[in-house]
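Have a look at the structure below before the remarks.
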Amino acid sequence: MRALVRFGTLALVIALAPHAVRAQEPPKPGPEHDLLKKMEGSWDIVMKAGGMEMKGTVSSKMDLGGLWLASALKCEFPGGAFEGRGMDTYDAAKKKYISVWVDSMGTQPMIMEGTYDKEKKVLTMAGDGPGPDGKPAKWKSLTKFADEKTIHFDMFVGDAKEPMFTLVYKKK
């Protein structure tokens, strides 16, 4: 008898599932995603931090139905290689850009959100993540779109007036 009830329940779920799926349209990329598309491609980067200059690469592509920009960064640091992964999108409900960053220097993600100023061509993000000492910290980033092949990125920790590090992206 239990098998018959389970089978009946499963049959009902299968029969109703297509209607439930059709009831809600999946999100589609909006015009705000065009900003993220500008970051697609292969980039050479120069990172400046602590009086040092390091070189690396970033590869980015729109993914997951065009809703997310997936990025992979590789850079040589003193003492070894550094790698990071970013996922960026636009949340239409919040009317904000969202960024999630993870890297080879820690096990906690950095999560930020912000807005784009079309006149200044600057994406300003703020959020939380591990600080240089591993403790929770407030972060702010400025991404300036200089032209189609150049992006300037500044990252600030806490209330600092000067960036902790900068990146200059040059499209390959």
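Every chain in the structure tokens takes a letter, A first, then B, and so on in the order presented; its residues are numbered from 1, and the ligands are numbered from 1 following the presented order.
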
Legend entry - Residue list (strand (DSSP E or B), DSSP) for segment 50-161 of chain A, as a VMD selection string: chain A and resid 52 to 63 68 to 77 80 to 91 96 to 103 110 to 117 122 to 130 136 to 147 150 to 157

Write to file, as a short mmCIF file (atom, residue, chain, number, x, y, z; two decimals), in the first residue's frame, the residues of the selection just made, with C-alpha atoms.
```
data_model
loop_
_atom_site.label_atom_id
_atom_site.label_comp_id
_atom_site.auth_asym_id
_atom_site.auth_seq_id
_atom_site.Cartn_x
_atom_site.Cartn_y
_atom_site.Cartn_z
CA MET A 52 55.44 46.13 -5.90
CA GLU A 53 54.22 45.48 -9.41
CA MET A 54 52.95 42.06 -10.48
CA LYS A 55 51.70 40.85 -13.84
CA GLY A 56 48.98 38.36 -14.66
CA THR A 57 45.97 37.52 -16.77
CA VAL A 58 42.19 37.53 -16.45
CA SER A 59 39.76 35.61 -18.63
CA SER A 60 36.06 36.46 -18.39
CA LYS A 61 32.90 35.27 -20.10
CA MET A 62 29.18 35.73 -19.72
CA ASP A 63 27.77 32.49 -18.30
CA TRP A 68 26.63 36.21 -14.72
CA LEU A 69 30.14 37.28 -15.72
CA ALA A 70 32.50 34.47 -14.67
CA SER A 71 36.14 35.56 -14.32
CA ALA A 72 39.39 33.76 -13.58
CA LEU A 73 42.50 35.70 -12.51
CA LYS A 74 46.05 34.34 -12.38
CA CYS A 75 48.94 36.44 -11.10
CA GLU A 76 52.45 35.87 -9.79
CA PHE A 77 52.93 37.07 -6.23
CA GLY A 80 54.00 31.97 -5.33
CA ALA A 81 51.05 32.09 -7.65
CA PHE A 82 47.78 33.81 -6.81
CA GLU A 83 44.44 32.79 -8.31
CA GLY A 84 40.96 34.21 -7.93
CA ARG A 85 37.47 33.69 -9.27
CA GLY A 86 34.74 36.27 -9.63
CA MET A 87 31.03 36.04 -10.37
CA ASP A 88 29.27 39.30 -11.20
CA THR A 89 25.66 40.06 -12.11
CA TYR A 90 22.96 42.70 -11.99
CA ASP A 91 20.13 42.13 -9.50
CA LYS A 96 22.37 46.89 -7.94
CA TYR A 97 25.35 45.09 -9.36
CA ILE A 98 26.43 42.11 -7.24
CA SER A 99 29.93 40.62 -7.02
CA VAL A 100 31.22 37.48 -5.33
CA TRP A 101 35.00 36.96 -5.14
CA VAL A 102 37.02 34.00 -3.87
CA ASP A 103 40.75 33.41 -4.14
CA MET A 110 33.99 38.74 -0.53
CA ILE A 111 30.48 39.88 -1.39
CA MET A 112 29.87 43.39 -2.71
CA GLU A 113 27.10 45.39 -4.34
CA GLY A 114 26.91 48.75 -6.01
CA THR A 115 25.89 51.01 -8.85
CA TYR A 116 27.21 52.28 -12.17
CA ASP A 117 27.60 55.98 -12.99
CA VAL A 122 32.60 54.11 -12.96
CA LEU A 123 31.18 51.06 -11.20
CA THR A 124 31.31 51.63 -7.42
CA MET A 125 30.93 48.57 -5.19
CA ALA A 126 31.02 48.13 -1.40
CA GLY A 127 30.76 45.11 0.83
CA ASP A 128 32.30 42.70 3.27
CA GLY A 129 35.11 40.21 3.10
CA PRO A 130 38.20 39.06 4.92
CA PRO A 136 36.07 40.69 8.65
CA ALA A 137 36.53 44.04 6.91
CA LYS A 138 34.63 46.59 4.83
CA TRP A 139 35.78 46.94 1.24
CA LYS A 140 35.12 49.38 -1.59
CA SER A 141 36.08 49.12 -5.24
CA LEU A 142 36.04 51.52 -8.18
CA THR A 143 36.06 50.07 -11.71
CA LYS A 144 36.73 52.77 -14.31
CA PHE A 145 36.12 51.98 -17.97
CA ALA A 146 38.77 54.12 -19.65
CA ASP A 147 38.03 52.78 -23.14
CA THR A 150 41.40 49.48 -20.79
CA ILE A 151 39.90 49.11 -17.33
CA HIS A 152 41.29 50.63 -14.10
CA PHE A 153 40.36 48.91 -10.83
CA ASP A 154 41.06 50.33 -7.35
CA MET A 155 40.37 48.40 -4.13
CA PHE A 156 40.09 50.12 -0.74
CA VAL A 157 39.89 48.53 2.70
#
```

Inset, instruction - Would you please extract all alpha helix (DSSP H) residues from chain A, as assigned by DSSP on the backbone, and give them as a list in words? - result: Arg2, Ala3, Leu4, Val5, Arg6, Phe7, Gly8, Thr9, Leu10, Ala11, Leu12, Val13, Ile14, Ala15, Leu16, Ala17, Pro18, His19, Ala20, Val21, Arg22, Ala23, His33, Asp34, Leu35, Leu36 and Lys37 of chain A

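Among the candidate residues A:Glu148, A:Leu167, A:Pro132, A:Lys172, the one lying nearest to Ile45 of chain A is A:Leu167, with distances computed using only C-alpha atoms.
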